[in-house]
Amino acid sequence: MSRGMSKCRITNTAPAAREPGATTFGDYASSSRGSSEPNAMAPAIIEKIKDHPCFSREAHLYFARMHLAVAPACNIQCNYCNRKYDCANESRPGVASRRLTPDQALRRTMAVASEVPQLSVVGIAGPGDACYDWKKTKATLIRIAREIPDVKLCISTNGLALPEHVDELVDMNVGHVTITINMVDPKIGTKIYPWIFYDGRRYNGIDASRILHERQMLGLEMLTGRGILTKVNSVMIPGVNDEHLIEVNKWVKDRGAFMHNVMPLISEPSHGTFYGLNGQRCPGPYELNALRDRLEGDTKVMRHCRQCRADAVGLLSDDRAHEFTRFQLPVEATYESGKRHAYRQLIERERRGQTLEARDAASPISAPSDGPVLIAVTTRGEGRVNEHFGHAPEIQIFSVCQKGIGLVGHLNIDPYCLSGWGEETTLNTIIGALEGVNFLLCFQIGNSPRDKLARRGVRATGAYGGSYIEQAIDALYSAMLHDEALAAAT
């Protein structure tokens, strides 16, 4: 399956023509996009997150993660999960093309660490549950810590078996844990979890949800009490737990969760899940972002999640798992640290010096700042504005206001530029789908599409080509505010 066929992802697939009353990105722009790190964050926390792409929005621009699919067994059944389904183009939790043994996982990690200088985090996120399939998880983490001691270790878990392994996680120096918590009311849990397997027996219904809830809260409290940074993932399921996630947020915040990541349900019928086969709808982008806005507070809300596969490798925006399959690994893997160490030194210099780089790339632009500004970006990965407008198969849409930057969604499109000439019908479709967007950042764009976009109210520019996406957006928005301030002063 290609990404363009996905009908429930947080995307806005370009329509053939806009029907009266149809929704575009401009119709559901949210009023706030929190994304910056808390101002009063303790130095020890900053040190923990500065190179973890899942716990810091800034870090995901520079650093990569890899997931090792060594834990296939699971102790709960979720109505949105079917780990048997796999598609190379599908990005969602639980999906993995091949399961690895701990030894294979070590070889893969050493190969990736030698060739991917951005690698900073190695995690186990399934395809089952890392804490339930504990022997494999532990054996893998111990091997990696021995061979690559400077890499961060983390796991993802449903929390049911978590409490009994917290001490071992501390002993192994696992500094980050993600728990998927979808409810704190067992009655709602019965609509999400058909059964759990705990303490040697299977539980169904309200008993299953009650036990899962108690274990999740206990595990979260134990982690935060031992100084392990914890992120809570929640799947937003319209009509089931969407409003209830506000209560979930209160519970996890009170128990010390560092970050709350609300992810959209993925329930395509082809995945074979209970929800997919029974017509459970996915949330729209406007619903997802509205809920995230309501959750803003003392607990950080994650907005840059890509719902990674259980075998993902690389930057969040550039999965390179296909380069490191089991069959491509050397029999005797060795780890060469030079590239990673040189890269870290480069990033430290870049972080200090590039704040003004994108801001100087274009002149100030006048635009209202009393609400969010929608910015479209063409990219082929690496977190940069690095794709020609006419060649882009996807456009990312960001919302920016004075509170910060957030990813709204994706447009899956057909590239309109073919062998040097443009397909006008395709171009018109793309422009129609961008209605409501204020700016387009791309690596390059021709005069004709630039002019057509301008007539529809979209200002396109290649001035930020090659820049990191979020820094380019920040520079553009700062320039707008600067221009407004000058206008007000005169």
# chains A, B, ... in the order shown; residues from 1 in each chain; ligands from 1

$ closest_atom_pairs --of "region 273-361 of chain A" --to "region 139-155 of chain A" --cutoff "10 Å" --atoms "only C-alpha atoms" --output "JSON lines"
{"residue": "A:Thr334", "atom": "CA", "partner": "A:Glu147", "partner_atom": "CA", "distance": 9.2}
{"residue": "A:Tyr335", "atom": "CA", "partner": "A:Glu147", "partner_atom": "CA", "distance": 7.8}
{"residue": "A:Glu336", "atom": "CA", "partner": "A:Ile148", "partner_atom": "CA", "distance": 9.7}
{"residue": "A:Ser337", "atom": "CA", "partner": "A:Ile148", "partner_atom": "CA", "distance": 8.6}

$ select_by_dssp --residues "region 388-465 of chain A" --states "strand (DSSP E)" --output "list in words"
Glu394, Ile395, Gln396, Ile397, Phe398, Ser399, Val400, Cys401, Gly404, Ile405, Gly406, Leu407, Val408, Gly409, His410, Leu411, Asn412, Cys417, Leu418, Trp421, Gly422, Phe439, Leu440, Leu441, Arg459, Ala460 and Thr461 of chain A

$ select_by_dssp --residues "region 155-243 of chain A" --states "helix (DSSP H, G or I)" --output "PyMOL selection string"
chain A and resi 163-171+186-189+205-225

$ residues_around --residues "Phe398 (chain A)" --least-positions-apart "2" --cutoff "6 Å" --atoms "only C-alpha atoms" --output "MDAnalysis selection string"
chainID A and resid 374:375 406:408

$ write_last_selection --atoms "all heavy atoms" --output "mmCIF file, in the first residue's frame"
data_model
loop_
_atom_site.group_PDB
_atom_site.id
_atom_site.type_symbol
_atom_site.label_atom_id
_atom_site.label_comp_id
_atom_site.auth_asym_id
_atom_site.auth_seq_id
_atom_site.Cartn_x
_atom_site.Cartn_y
_atom_site.Cartn_z
ATOM 1 N N LEU A 374 -0.553 29.609 8.516
ATOM 2 C CA LEU A 374 -0.341 28.278 7.956
ATOM 3 C C LEU A 374 0.756 28.330 6.895
ATOM 4 O O LEU A 374 0.697 29.151 5.973
ATOM 5 C CB LEU A 374 -1.628 27.731 7.350
ATOM 6 C CG LEU A 374 -2.738 27.373 8.346
ATOM 7 C CD1 LEU A 374 -3.949 26.825 7.613
ATOM 8 C CD2 LEU A 374 -2.260 26.395 9.380
ATOM 9 N N ILE A 375 1.734 27.457 7.043
ATOM 10 C CA ILE A 375 2.889 27.442 6.155
ATOM 11 C C ILE A 375 3.068 26.043 5.581
ATOM 12 O O ILE A 375 3.177 25.067 6.333
ATOM 13 C CB ILE A 375 4.159 27.885 6.900
ATOM 14 C CG1 ILE A 375 3.979 29.317 7.430
ATOM 15 C CG2 ILE A 375 5.386 27.790 5.994
ATOM 16 C CD1 ILE A 375 5.151 29.834 8.231
ATOM 17 N N GLY A 406 3.647 24.043 15.130
ATOM 18 C CA GLY A 406 3.128 22.681 15.218
ATOM 19 C C GLY A 406 2.811 22.126 13.844
ATOM 20 O O GLY A 406 2.428 22.858 12.922
ATOM 21 N N LEU A 407 2.989 20.826 13.685
ATOM 22 C CA LEU A 407 2.652 20.156 12.434
ATOM 23 C C LEU A 407 1.153 19.906 12.406
ATOM 24 O O LEU A 407 0.591 19.284 13.302
ATOM 25 C CB LEU A 407 3.410 18.832 12.328
ATOM 26 C CG LEU A 407 3.118 17.987 11.091
ATOM 27 C CD1 LEU A 407 3.623 18.692 9.834
ATOM 28 C CD2 LEU A 407 3.755 16.607 11.225
ATOM 29 N N VAL A 408 0.490 20.421 11.368
ATOM 30 C CA VAL A 408 -0.957 20.233 11.220
ATOM 31 C C VAL A 408 -1.271 18.941 10.479
ATOM 32 O O VAL A 408 -2.128 18.163 10.874
ATOM 33 C CB VAL A 408 -1.585 21.433 10.486
ATOM 34 C CG1 VAL A 408 -3.065 21.192 10.220
ATOM 35 C CG2 VAL A 408 -1.407 22.702 11.314
#

$ residues_around --residues "region 309-311 of chain A" --least-positions-apart "4" --cutoff "9 Å" --atoms "only C-alpha atoms" --output "PyMOL selection string"
chain A and resi 66-69+90-99+124-128+321

$ write_last_selection --atoms "N, CA, C and O atoms" --output "PDB file, in the first residue's frame"
ATOM      1  N   MET A  66      16.591   4.719  16.554  1.00  0.00           N
ATOM      2  CA  MET A  66      16.336   3.445  15.902  1.00  0.00           C
ATOM      3  C   MET A  66      15.565   2.556  16.854  1.00  0.00           C
ATOM      4  O   MET A  66      15.793   2.564  18.065  1.00  0.00           O
ATOM      5  N   HIS A  67      14.613   1.825  16.306  1.00  0.00           N
ATOM      6  CA  HIS A  67      13.811   0.886  17.069  1.00  0.00           C
ATOM      7  C   HIS A  67      14.217  -0.529  16.695  1.00  0.00           C
ATOM      8  O   HIS A  67      14.403  -0.835  15.511  1.00  0.00           O
ATOM      9  N   LEU A  68      14.347  -1.360  17.689  1.00  0.00           N
ATOM     10  CA  LEU A  68      14.750  -2.746  17.478  1.00  0.00           C
ATOM     11  C   LEU A  68      13.561  -3.664  17.756  1.00  0.00           C
ATOM     12  O   LEU A  68      13.043  -3.696  18.877  1.00  0.00           O
ATOM     13  N   ALA A  69      13.132  -4.377  16.737  1.00  0.00           N
ATOM     14  CA  ALA A  69      11.938  -5.225  16.843  1.00  0.00           C
ATOM     15  C   ALA A  69      12.309  -6.584  17.433  1.00  0.00           C
ATOM     16  O   ALA A  69      12.321  -7.606  16.750  1.00  0.00           O
ATOM     17  N   GLU A  90       3.996   2.161   5.410  1.00  0.00           N
ATOM     18  CA  GLU A  90       3.080   2.444   6.509  1.00  0.00           C
ATOM     19  C   GLU A  90       3.862   2.783   7.766  1.00  0.00           C
ATOM     20  O   GLU A  90       4.686   2.003   8.225  1.00  0.00           O
ATOM     21  N   SER A  91       3.616   3.964   8.317  1.00  0.00           N
ATOM     22  CA  SER A  91       4.286   4.384   9.548  1.00  0.00           C
ATOM     23  C   SER A  91       3.275   4.355  10.681  1.00  0.00           C
ATOM     24  O   SER A  91       2.412   5.214  10.782  1.00  0.00           O
ATOM     25  N   ARG A  92       3.349   3.337  11.502  1.00  0.00           N
ATOM     26  CA  ARG A  92       2.476   3.252  12.664  1.00  0.00           C
ATOM     27  C   ARG A  92       3.093   2.303  13.674  1.00  0.00           C
ATOM     28  O   ARG A  92       3.853   1.394  13.318  1.00  0.00           O
ATOM     29  N   PRO A  93       2.798   2.510  14.958  1.00  0.00           N
ATOM     30  CA  PRO A  93       3.386   1.650  15.990  1.00  0.00           C
ATOM     31  C   PRO A  93       3.026   0.186  15.791  1.00  0.00           C
ATOM     32  O   PRO A  93       1.936  -0.151  15.337  1.00  0.00           O
ATOM     33  N   GLY A  94       3.957  -0.688  16.134  1.00  0.00           N
ATOM     34  CA  GLY A  94       3.695  -2.124  16.097  1.00  0.00           C
ATOM     35  C   GLY A  94       4.060  -2.812  14.811  1.00  0.00           C
ATOM     36  O   GLY A  94       4.104  -4.036  14.763  1.00  0.00           O
ATOM     37  N   VAL A  95       4.302  -2.043  13.742  1.00  0.00           N
ATOM     38  CA  VAL A  95       4.611  -2.638  12.446  1.00  0.00           C
ATOM     39  C   VAL A  95       6.113  -2.869  12.335  1.00  0.00           C
ATOM     40  O   VAL A  95       6.918  -2.002  12.639  1.00  0.00           O
ATOM     41  N   ALA A  96       6.495  -4.074  11.914  1.00  0.00           N
ATOM     42  CA  ALA A  96       7.902  -4.400  11.685  1.00  0.00           C
ATOM     43  C   ALA A  96       7.995  -5.449  10.597  1.00  0.00           C
ATOM     44  O   ALA A  96       7.194  -6.381  10.555  1.00  0.00           O
ATOM     45  N   SER A  97       8.955  -5.285   9.699  1.00  0.00           N
ATOM     46  CA  SER A  97       9.115  -6.236   8.599  1.00  0.00           C
ATOM     47  C   SER A  97       9.761  -7.536   9.053  1.00  0.00           C
ATOM     48  O   SER A  97       9.444  -8.606   8.546  1.00  0.00           O
ATOM     49  N   ARG A  98      10.697  -7.456   9.991  1.00  0.00           N
ATOM     50  CA  ARG A  98      11.395  -8.651  10.480  1.00  0.00           C
ATOM     51  C   ARG A  98      11.627  -8.532  11.979  1.00  0.00           C
ATOM     52  O   ARG A  98      11.960  -7.471  12.477  1.00  0.00           O
ATOM     53  N   ARG A  99      11.461  -9.630  12.674  1.00  0.00           N
ATOM     54  CA  ARG A  99      11.821  -9.672  14.084  1.00  0.00           C
ATOM     55  C   ARG A  99      13.294 -10.014  14.204  1.00  0.00           C
ATOM     56  O   ARG A  99      13.838 -10.769  13.400  1.00  0.00           O
ATOM     57  N   ILE A 124      13.319   0.064  22.208  1.00  0.00           N
ATOM     58  CA  ILE A 124      12.558  -1.154  21.900  1.00  0.00           C
ATOM     59  C   ILE A 124      11.084  -0.809  22.059  1.00  0.00           C
ATOM     60  O   ILE A 124      10.626  -0.460  23.152  1.00  0.00           O
ATOM     61  N   ALA A 125      10.375  -0.880  20.945  1.00  0.00           N
ATOM     62  CA  ALA A 125       8.967  -0.486  20.927  1.00  0.00           C
ATOM     63  C   ALA A 125       8.112  -1.576  20.299  1.00  0.00           C
ATOM     64  O   ALA A 125       7.185  -1.318  19.546  1.00  0.00           O
ATOM     65  N   GLY A 126       8.445  -2.818  20.584  1.00  0.00           N
ATOM     66  CA  GLY A 126       7.631  -3.899  20.054  1.00  0.00           C
ATOM     67  C   GLY A 126       8.405  -4.822  19.138  1.00  0.00           C
ATOM     68  O   GLY A 126       9.627  -4.956  19.269  1.00  0.00           O
ATOM     69  N   PRO A 127       7.647  -5.455  18.222  1.00  0.00           N
ATOM     70  CA  PRO A 127       6.261  -5.181  17.843  1.00  0.00           C
ATOM     71  C   PRO A 127       5.212  -5.611  18.866  1.00  0.00           C
ATOM     72  O   PRO A 127       4.033  -5.347  18.666  1.00  0.00           O
ATOM     73  N   GLY A 128       5.619  -6.252  19.954  1.00  0.00           N
ATOM     74  CA  GLY A 128       4.703  -6.552  21.052  1.00  0.00           C
ATOM     75  C   GLY A 128       4.926  -5.572  22.185  1.00  0.00           C
ATOM     76  O   GLY A 128       4.869  -4.366  21.984  1.00  0.00           O
ATOM     77  N   ALA A 321      15.348   2.628   7.445  1.00  0.00           N
ATOM     78  CA  ALA A 321      15.360   1.224   7.861  1.00  0.00           C
ATOM     79  C   ALA A 321      15.705   0.287   6.713  1.00  0.00           C
ATOM     80  O   ALA A 321      16.332  -0.764   6.914  1.00  0.00           O
TER      81      ALA A 321
END

$ closest_residue --among "A:Gln280, A:Thr101, A:Thr224, A:Asn79" --to "Asp254 (chain A)" --atoms "only C-alpha atoms"
A:Thr224

$ residues_around --residues "Ala472 (chain A)" --least-positions-apart "2" --cutoff "9 Å" --atoms "only C-alpha atoms" --output "mmCIF file with N, CA and C atoms, in the first residue's frame"
data_model
loop_
_atom_site.group_PDB
_atom_site.id
_atom_site.type_symbol
_atom_site.label_atom_id
_atom_site.label_comp_id
_atom_site.auth_asym_id
_atom_site.auth_seq_id
_atom_site.Cartn_x
_atom_site.Cartn_y
_atom_site.Cartn_z
ATOM 1 N N GLU A 357 20.569 32.589 10.714
ATOM 2 C CA GLU A 357 20.874 32.241 9.321
ATOM 3 C C GLU A 357 19.652 32.359 8.418
ATOM 4 N N ALA A 358 18.564 31.691 8.793
ATOM 5 C CA ALA A 358 17.376 31.721 7.935
ATOM 6 C C ALA A 358 16.700 33.077 7.972
ATOM 7 N N ARG A 359 16.804 33.794 9.095
ATOM 8 C CA ARG A 359 16.157 35.099 9.208
ATOM 9 C C ARG A 359 16.736 36.092 8.213
ATOM 10 N N ARG A 384 14.539 19.241 6.426
ATOM 11 C CA ARG A 384 14.914 20.481 5.751
ATOM 12 C C ARG A 384 13.944 20.845 4.626
ATOM 13 N N VAL A 385 13.982 22.110 4.251
ATOM 14 C CA VAL A 385 13.257 22.591 3.071
ATOM 15 C C VAL A 385 14.140 22.266 1.870
ATOM 16 N N LEU A 441 7.051 27.251 1.541
ATOM 17 C CA LEU A 441 8.508 27.217 1.547
ATOM 18 C C LEU A 441 8.958 26.008 0.749
ATOM 19 N N TYR A 464 14.429 30.038 1.673
ATOM 20 C CA TYR A 464 14.860 29.240 2.815
ATOM 21 C C TYR A 464 15.316 27.841 2.396
ATOM 22 N N GLY A 465 15.539 27.627 1.119
ATOM 23 C CA GLY A 465 15.944 26.320 0.628
ATOM 24 C C GLY A 465 17.187 25.800 1.331
ATOM 25 N N SER A 467 17.375 25.054 4.508
ATOM 26 C CA SER A 467 17.305 25.311 5.948
ATOM 27 C C SER A 467 16.485 24.224 6.644
ATOM 28 N N TYR A 468 16.702 24.090 7.952
ATOM 29 C CA TYR A 468 15.833 23.227 8.734
ATOM 30 C C TYR A 468 14.421 23.823 8.748
ATOM 31 N N ILE A 469 13.428 22.960 8.664
ATOM 32 C CA ILE A 469 12.056 23.409 8.474
ATOM 33 C C ILE A 469 11.603 24.341 9.592
ATOM 34 N N GLU A 470 11.706 23.876 10.840
ATOM 35 C CA GLU A 470 11.192 24.675 11.935
ATOM 36 C C GLU A 470 11.947 25.990 12.082
ATOM 37 N N ASP A 474 10.293 29.626 11.836
ATOM 38 C CA ASP A 474 10.503 30.580 12.918
ATOM 39 C C ASP A 474 11.067 31.896 12.393
ATOM 40 N N ALA A 475 12.023 31.805 11.462
ATOM 41 C CA ALA A 475 12.612 33.008 10.901
ATOM 42 C C ALA A 475 11.591 33.809 10.099
ATOM 43 N N LEU A 476 10.783 33.113 9.315
ATOM 44 C CA LEU A 476 9.756 33.786 8.526
ATOM 45 C C LEU A 476 8.759 34.493 9.435
ATOM 46 N N TYR A 477 8.323 33.807 10.463
ATOM 47 C CA TYR A 477 7.332 34.390 11.374
ATOM 48 C C TYR A 477 7.929 35.556 12.157
#

$ residues_around --residues "Met222 (chain A)" --least-positions-apart "2" --cutoff "10 Å" --atoms "only C-alpha atoms" --output "ChimeraX atom specification"
/A:162-164,166-167,216-220,224-228,255-256

$ residues_around --residues "Pro415 (chain A)" --least-positions-apart "4" --cutoff "10 Å" --atoms "only C-alpha atoms" --output "count of residues only"
12
